[in-house]
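For reference, the structure is listed below as structure tokens.
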Amino acid sequence: MTVPDRTAVAIVGGGPAGLLLSHLLVRQGIDSVVLESRSRERVESRQRAGILEHGTVDVLHEIGADARMNAQGMPHDGFAFHAHGEEIRVDMAALTGRGVMIWAQTEVVRDLIALRLEQGDPLLFDAEVLAVEKVDGPLGHDGEAVVRYAYEGVEHELRADVVVGCDGFHGVARRAIPAEAVRTFERVYPFSWLGILADAPPSSEELVYARHDRGFALLSMRSPSITRAYLQVPNDTDPSSWSHEAIWDELTARTGLADGSFTLGRGPITDVSVTPMRSFVAEPMRSGRLFLAGDAAHIVPPTGAKGLNLAVADVRVLAGALASWRSTGSQELLDAYSDTALRRVWRAEHFSWTMTTMLHRPPDADPFDDRLARSHLQLVASSEAYRTAIAENYRGLDLDGLRPREH
Ligand code: RFL
Ligand code: PHB
């Protein structure tokens, strides 16, 4: 492949945010180059999210990357809490008219990569961005940003009207913003998730979020024959310190129901990993010619299943704003990008924090917090209005972050 040195939009990072942005821009006739530091195999195999909001499903449809999802994805109308042995079902479809789609991020990414390569537009793997420079100043003919990257052992420069940092929490793009121009908000939780993949049919038709005195557990799935499950564990847990039998025993203990009506099936565990939990927001999500999207700008703990969906929502807003600028010359929507995106981000931050604090038990469990969490779950069980609010947040809110999506 010839190494590109000039484009309209330089996209740093080929995760869901960067790849999807490149497709949305193609549809608007805007050139872009995607630079991804990892190999294609690595990007396609990272185990991550599993829940797609309706709006995310719609975008995949819009860009024509939905055929496999339509055939193999699993639409879910609801999910359940197992609260100290009592089941509370949240019927999202009945309460809000919409559900969610179970379709793994790995599969989304695989389809986005295949489509981009098929279209022949620039997407470079093993291309590590070293620095983003010259982002200060106005957009347009008055200047260009420069992205320096290493590819095949040589350092290159890519010049662009606009750079979009889609390079995740540990990426380099955010660091190009001067410290005094960005404000960050952060919360690090005193627990992590141990996640497994297992060759075992899901034991429940819907997801189960469990709170137990022993801690949180989540039962999810990847297909009718593959279970994905998580356990709350102490920070810095070594995944190899858990035997497979101990993992199943713990999942069984935390997800069981008092009336004995729930049985967790087991099977060979094929993958074990540990993920720390963090909330993080960088404001604003722009500095001059540099825009941030997805995990590069914000992180949520996975309890609310919002990270991937937020990344998709960001690039949807940004692609629309870039298209408006290119076709009309008006920067109004680009100037509004950060505020527009942050409205949804903070709603998701609050929802994810709420789900996390309601369902986990910190290692130093304060009895006051514990009583609050139990009372919170009683409210979920007793109030349809409250379940409706949870369902609206879970299945996704409209882009202004204030109203539920139209039915
Ligand atoms: P990504 O996916 O981290 O992609 C960033 C990409 O940038 C590349 N990169 C660079 N490339 C070039 N030069 C550099 N210097 C670079 N530095 C980094 C990286 O290699 C990578 O390919 O960010 P993006 O695109 O913003 O996407 C965000 C999502 O991946 C993330 O929010 C979700 O996975 C979060 N998440 C969930 N989200 C949901 O919506 N629903 C879920 O059910 C859900 N479950 C989860 C999750 C995340 C989890 N983990 C592992 C953190 C469950 C887990 C366990
Ligand atoms: C997953 O299937 O990986 C998953 C589902 C729901 C969550 C987090 C992760 O809240």
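A note on labels: chains of the structure tokens are A, B, ... as shown, every chain counts residues from 1, and ligands are counted from 1 in their shown order.
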
Per DSSP on the backbone, what are the alpha helix (DSSP H) residues of segment 253-346 of chain A, as a PyMOL selection string?
chain A and resi 253-255+307-328+332-346

Which residues, written as a short mmCIF file (atom, residue, chain, number, x, y, z; two decimals) with all heavy atoms, in the first residue's frame, have at least one atom at most 10 Å from Ile113 of chain A, with only C-alpha atoms counted and residues fewer than 6 positions away on the same chain left out?
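What follows is the written file out_3.cif:
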data_model
loop_
_atom_site.label_atom_id
_atom_site.label_comp_id
_atom_site.auth_asym_id
_atom_site.auth_seq_id
_atom_site.Cartn_x
_atom_site.Cartn_y
_atom_site.Cartn_z
N GLY A 14 -7.99 2.33 15.23
CA GLY A 14 -8.94 1.55 14.42
C GLY A 14 -9.77 0.61 15.29
O GLY A 14 -9.96 -0.55 14.96
N GLY A 15 -10.28 1.13 16.41
CA GLY A 15 -11.29 0.40 17.19
C GLY A 15 -12.66 0.74 16.63
O GLY A 15 -12.75 1.30 15.53
N PRO A 16 -13.71 0.44 17.36
CA PRO A 16 -15.06 0.73 16.84
C PRO A 16 -15.26 2.20 16.48
O PRO A 16 -15.84 2.49 15.43
CB PRO A 16 -15.99 0.34 18.00
CG PRO A 16 -15.18 -0.46 18.94
CD PRO A 16 -13.74 -0.24 18.66
N LEU A 19 -13.06 3.14 13.17
CA LEU A 19 -13.53 2.43 11.97
C LEU A 19 -14.89 2.95 11.53
O LEU A 19 -15.12 3.22 10.35
CB LEU A 19 -13.61 0.93 12.25
CG LEU A 19 -12.26 0.22 12.43
CD1 LEU A 19 -12.45 -1.16 13.04
CD2 LEU A 19 -11.52 0.13 11.10
N LEU A 20 -15.78 3.09 12.51
CA LEU A 20 -17.13 3.53 12.15
C LEU A 20 -17.11 4.96 11.60
O LEU A 20 -17.78 5.26 10.61
CB LEU A 20 -18.04 3.46 13.38
CG LEU A 20 -19.49 3.79 13.10
CD1 LEU A 20 -20.08 2.79 12.12
CD2 LEU A 20 -20.28 3.80 14.39
N HIS A 23 -16.29 5.01 7.98
CA HIS A 23 -17.41 4.62 7.11
C HIS A 23 -18.45 5.73 6.97
O HIS A 23 -18.98 5.97 5.89
CB HIS A 23 -18.08 3.36 7.65
CG HIS A 23 -17.26 2.13 7.42
ND1 HIS A 23 -17.03 1.62 6.17
CD2 HIS A 23 -16.59 1.34 8.28
CE1 HIS A 23 -16.26 0.55 6.27
NE2 HIS A 23 -15.96 0.35 7.54
N ARG A 40 -4.08 -6.50 12.59
CA ARG A 40 -5.49 -6.80 12.32
C ARG A 40 -5.98 -7.93 13.23
O ARG A 40 -7.06 -7.85 13.81
CB ARG A 40 -5.66 -7.18 10.86
CG ARG A 40 -7.08 -7.51 10.50
CD ARG A 40 -7.23 -7.83 9.02
NE ARG A 40 -8.62 -8.13 8.70
CZ ARG A 40 -9.04 -8.48 7.49
NH1 ARG A 40 -8.19 -8.53 6.49
NH2 ARG A 40 -10.31 -8.73 7.27
N VAL A 43 -6.65 -6.68 16.79
CA VAL A 43 -7.83 -5.82 16.90
C VAL A 43 -9.11 -6.66 16.79
O VAL A 43 -10.10 -6.40 17.46
CB VAL A 43 -7.80 -4.73 15.80
CG1 VAL A 43 -9.09 -3.92 15.78
CG2 VAL A 43 -6.62 -3.79 16.04
N GLU A 44 -9.04 -7.72 15.95
CA GLU A 44 -10.24 -8.53 15.73
C GLU A 44 -10.50 -9.54 16.84
O GLU A 44 -11.55 -10.19 16.84
CB GLU A 44 -10.13 -9.26 14.38
CG GLU A 44 -10.28 -8.32 13.21
CD GLU A 44 -10.33 -9.02 11.87
OE1 GLU A 44 -9.88 -10.19 11.78
OE2 GLU A 44 -10.80 -8.41 10.91
N ALA A 65 -23.21 -2.60 7.32
CA ALA A 65 -22.36 -3.57 8.02
C ALA A 65 -23.21 -4.40 8.99
O ALA A 65 -22.78 -4.72 10.09
CB ALA A 65 -21.24 -2.86 8.77
N GLU A 107 -17.15 -8.95 16.64
CA GLU A 107 -17.82 -9.20 15.36
C GLU A 107 -18.10 -7.89 14.64
O GLU A 107 -17.95 -7.79 13.42
CB GLU A 107 -19.15 -9.95 15.58
CG GLU A 107 -19.02 -11.23 16.37
CD GLU A 107 -18.16 -12.28 15.68
OE1 GLU A 107 -18.00 -12.19 14.45
OE2 GLU A 107 -17.63 -13.16 16.39
N GLN A 119 -13.60 -1.72 0.30
CA GLN A 119 -13.80 -0.45 -0.41
C GLN A 119 -12.47 0.15 -0.86
O GLN A 119 -12.44 1.11 -1.62
CB GLN A 119 -14.54 0.55 0.49
CG GLN A 119 -16.00 0.15 0.70
CD GLN A 119 -16.70 0.96 1.78
OE1 GLN A 119 -16.06 1.64 2.58
NE2 GLN A 119 -18.02 0.88 1.83
N LEU A 123 -6.56 2.12 5.50
CA LEU A 123 -6.62 1.63 6.88
C LEU A 123 -5.31 0.88 7.09
O LEU A 123 -5.08 -0.16 6.47
CB LEU A 123 -7.82 0.69 7.05
CG LEU A 123 -7.81 -0.27 8.25
CD1 LEU A 123 -7.71 0.49 9.56
CD2 LEU A 123 -9.10 -1.12 8.24
#

In segment 83-205 of chain A, what's strand (DSSP E) per DSSP? Answer as a PyMOL selection string?
chain A and resi 83+86-91+100-102+123-124+127-133+145-151+154-165+183-198

Please write out the residues within 7 Å of ligand 2 as a PDB file with N, CA and C atoms, in the first residue's frame, counting only C-alpha atoms and all ligand atoms.
ATOM      1  N   ARG A  48     -14.478  -7.825  24.296  1.00  0.00           N
ATOM      2  CA  ARG A  48     -14.988  -6.625  24.966  1.00  0.00           C
ATOM      3  C   ARG A  48     -16.500  -6.644  25.056  1.00  0.00           C
ATOM      4  N   ALA A  49     -17.128  -5.584  24.549  1.00  0.00           N
ATOM      5  CA  ALA A  49     -18.557  -5.380  24.771  1.00  0.00           C
ATOM      6  C   ALA A  49     -19.428  -6.418  24.077  1.00  0.00           C
ATOM      7  N   GLY A  50     -20.683  -6.475  24.531  1.00  0.00           N
ATOM      8  CA  GLY A  50     -21.618  -7.412  23.925  1.00  0.00           C
ATOM      9  C   GLY A  50     -23.008  -6.864  23.669  1.00  0.00           C
ATOM     10  N   ILE A  51     -23.292  -5.669  24.191  1.00  0.00           N
ATOM     11  CA  ILE A  51     -24.672  -5.149  24.104  1.00  0.00           C
ATOM     12  C   ILE A  51     -24.734  -3.928  23.194  1.00  0.00           C
ATOM     13  N   SER A 220     -23.755 -13.282  30.806  1.00  0.00           N
ATOM     14  CA  SER A 220     -24.090 -12.799  29.475  1.00  0.00           C
ATOM     15  C   SER A 220     -23.835 -13.939  28.491  1.00  0.00           C
ATOM     16  N   MET A 221     -23.804 -13.621  27.211  1.00  0.00           N
ATOM     17  CA  MET A 221     -23.660 -14.686  26.207  1.00  0.00           C
ATOM     18  C   MET A 221     -23.071 -14.116  24.926  1.00  0.00           C
ATOM     19  N   ARG A 222     -22.529 -14.982  24.107  1.00  0.00           N
ATOM     20  CA  ARG A 222     -22.043 -14.579  22.794  1.00  0.00           C
ATOM     21  C   ARG A 222     -22.815 -15.275  21.677  1.00  0.00           C
ATOM     22  N   ARG A 228     -20.727 -15.835  28.273  1.00  0.00           N
ATOM     23  CA  ARG A 228     -19.766 -14.833  28.719  1.00  0.00           C
ATOM     24  C   ARG A 228     -20.208 -14.472  30.134  1.00  0.00           C
ATOM     25  N   PRO A 302     -18.129  -1.112  32.969  1.00  0.00           N
ATOM     26  CA  PRO A 302     -18.961  -1.837  32.000  1.00  0.00           C
ATOM     27  C   PRO A 302     -20.341  -2.258  32.511  1.00  0.00           C
ATOM     28  N   THR A 303     -20.652  -1.989  33.774  1.00  0.00           N
ATOM     29  CA  THR A 303     -21.913  -2.451  34.364  1.00  0.00           C
ATOM     30  C   THR A 303     -23.147  -1.937  33.621  1.00  0.00           C
ATOM     31  N   GLY A 304     -23.044  -0.773  32.985  1.00  0.00           N
ATOM     32  CA  GLY A 304     -24.200  -0.235  32.269  1.00  0.00           C
ATOM     33  C   GLY A 304     -24.191  -0.570  30.791  1.00  0.00           C
ATOM     34  N   ALA A 305     -23.145  -1.266  30.314  1.00  0.00           N
ATOM     35  CA  ALA A 305     -23.012  -1.663  28.901  1.00  0.00           C
ATOM     36  C   ALA A 305     -23.047  -0.454  27.957  1.00  0.00           C
TER      37      ALA A 305
END

6 Å shell around ligand 1 using only C-alpha atoms and all ligand atoms, listed as a count of residues only
35

Pick from A:Trp193, A:Ser338, A:Glu86, A:Arg211, whichever lies nearest to Asp259 of chain A using only C-alpha atoms
A:Glu86

Could you name the residues that touch Gly99 of chain A at 8 Å or less, counting only C-alpha atoms, but leaving out those on the same chain fewer than 6 positions away, as a PyMOL selection string?
chain A and resi 53-54+75-78+92-93+395
